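Novice: Starting off with a structure, shown below.
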Amino acid sequence: MRLLFLLMISLGIPQGCSSWQPWVKPYERSNLADPIMNPDRDPVSVDYVAHMHKTRQASRGATGGSGGGCGCN
Amino acid sequence: MGQAVVVAVIKSMCNKLLSGIILCSIILLGLAQAAQATVLPEERADVMYHSYDGGGVTVSGPSILVRKNASTNTSVYYNYYIDHISSASLDVLTGGSPYTEHRTEQSGGIDYLHGKTTTSLSYTTSVENDYKSGTLNFNLSQDFFGDLSTLTLGYTHGKDLVSRRGLSYDLSEISRQNYRVGFSQILSKNMVVGLNWETITDDATELRDNTGTLSGVTLNNPYRAYSYYDSTTGQRGFAPEKYPNTHTSNAFAINGSYYLPFRAALHGKVKFYQDSWGITATTYQLNYTYPLASWIFDFRTRWYSQSKADFYSDLFARQDEYTFMARDRELATFQSTSIGVTASWDFAKNGWGWVDKGSLNVSFDHMEFDYKDYRNALVGGTPGTEPLYGYGADIYQLYVSIWY
């Protein structure tokens, strides 16, 4: 039941807000769309750096990366 | 009766998966991707050579990543990645001999765009001569509030098989599940922030060797040993590590990007980490991105600090003192700091044949590791009084990217 409620909430938010007026208009987003605003613009490098850190520290997760293996023996 | 059990198991699995996806979904990709949400990833190819050199370990190799649209709303990718590893690290020298090996990782995935929803599915395999893993990833991303907000839910299931060099059987099997939630929000025409949460659980099954004896390996590295005070010799003794067979971690990250009054950007990230082994960690990262003519320079610094695991000690009082005992320096108390820069040069900006544009990228980072309770046992002398360990590492990346 709780699961169903959460599902309805998660699906309902986007639908219920379809009439929302964005305070940053699409034509005002040129700065946000500039490649320099994306620190993860090169996925091949982002994945490598995430793996490099993961194998040398305990902290993991919340990086957006995923994948397996170790290479750290 | 049997049918009822099967139905119950299926129901249980469905509930776990569904609750996992919902639970997981408050974070993740976020950030600047929000500005380009509800579009497929760019069609591009990247060829990289990477190199890590530090603490007696060198890791280098290529990585090739190709992404292509399969239709107007479907994108597919493939990644081939290799680590050539040569290790004479302090852990290795303390407990054995230097070695070389290589790891091959391959990933393939598909992204499907429908309206403002992107569904992503990918599979990754990683193969070493003593370690194999397979990982299935699922992500669901939804834009709303006039594309100012993005909510992402993710679930990952992985399975690892751990062995030792020269063995024909596995020592342990690890089942891993990740639950992710991400939320990103455009705050102004110059600023976007993101929140990410990820919970990861590991569950290891200790396997039996070819004589039917339990391997003793769970989530630990089968080559590593803990150290204890040997009262008969007055020196350090070493014995195989003992780890718990479960591990659960939680990580929460806050990201932000700000477009400065001139064409440059600041990126900040703070991450907090905590796990069931008693480790807490904090990461701070700051990037400054500055374009100049056909170049983009990215300057960055990172500070990381963690506390030790409950069952970690550089030197235990005696052998078999506790149920779980480890001396992995990854579980020790330490800090690491790094600085780095990436220089990217854009070429073929007006197109060249079927290539829309390209960039050549050179990246360098220097890291310093400073351990607070991990000692250099190779120095000798009275156990527990050796100097604390620390080292520096240099990381290079060279890659070419083309868009088409």
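Letters for chains follow the order of the structure tokens (A, B, ...), residue numbers begin at 1 for each chain, and ligand numbers begin at 1 in the order shown.
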Which neighbours of segment 395-401 of chain B fall inside 8 Å, counting only C-alpha atoms, when residues of the same chain fewer than 5 positions from it are skipped, and could you give them as a ChimeraX atom specification?
Specialist: /A:45 /B:44-53,358-366
Novice: Can you work out the spacing between atom CA of Gly55 of chain B and atom CA of Tyr391 of chain B in Å, to one decimal?
Specialist: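 So the answer is 5.6 Å.
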Novice: Set the distance at 6 Å and use only C-alpha atoms: which residues neighbour segment 330-332 of chain B once local chain neighbours fewer than 5 positions away are removed? I'd like the list as number ranges by chain.
Specialist: A: 56-58; B: 308-309
Novice: Hey, can you check how far atom CA of Asn287 of chain B sits from atom CA of Ser257 of chain B?
Specialist: 9.2 Å
Novice: Expressed in Å to a single decimal, how great is the separation between atom CA of Gly56 of chain B and atom CA of Ser87 of chain B?
Specialist: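 These two atoms are separated by 6.1 Å.
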Novice: If we count only C-alpha atoms and set the cut-off at 10 Å, which residues sit around Ala253 of chain B, ignoring sequence neighbours fewer than 2 positions away in its own chain? Please answer as a PyMOL selection string.
Specialist: (chain A and resi 61-63) or (chain B and resi 27-28+182+194-198+251+255+269-273+282-284)
Novice: Tell me which of B:Thr119, B:Thr74, B:Ser89, B:Thr218 sits closest to Ser163 of chain B, counting only C-alpha atoms.
Specialist: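 Of the candidates, the smallest distance to Ser163 of chain B is held by B:Thr218.
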Novice: Might you pull out every residue within 9 Å of segment 40-43 of chain A, with only C-alpha atoms counted and same-chain residues fewer than 3 positions away left off, and present them as number ranges by chain?
Specialist: A: 35-37, 46-48; B: 32-33, 46, 65, 401
Novice: Given the selection you just returned, output its residues as a file containing C-alpha atoms, formatted as a PDB file, in the first residue's frame.
Specialist:
```pdb
ATOM      1  CA  PRO A  35      29.359  23.155 -22.660  1.00  0.00           C
ATOM      2  CA  ILE A  36      31.503  24.819 -19.982  1.00  0.00           C
ATOM      3  CA  MET A  37      28.533  24.471 -17.585  1.00  0.00           C
ATOM      4  CA  VAL A  46      34.441  10.979 -16.002  1.00  0.00           C
ATOM      5  CA  ASP A  47      34.201   7.171 -15.907  1.00  0.00           C
ATOM      6  CA  TYR A  48      37.976   6.788 -15.668  1.00  0.00           C
TER       7      TYR A  48
ATOM      8  CA  ALA B  32      24.396  20.491 -15.936  1.00  0.00           C
ATOM      9  CA  GLN B  33      22.676  17.684 -17.743  1.00  0.00           C
ATOM     10  CA  ASP B  46      36.340   9.151 -27.735  1.00  0.00           C
ATOM     11  CA  LEU B  65      33.778   4.995 -26.179  1.00  0.00           C
ATOM     12  CA  SER B 401      36.862  13.248 -29.213  1.00  0.00           C
TER      13      SER B 401
END
```
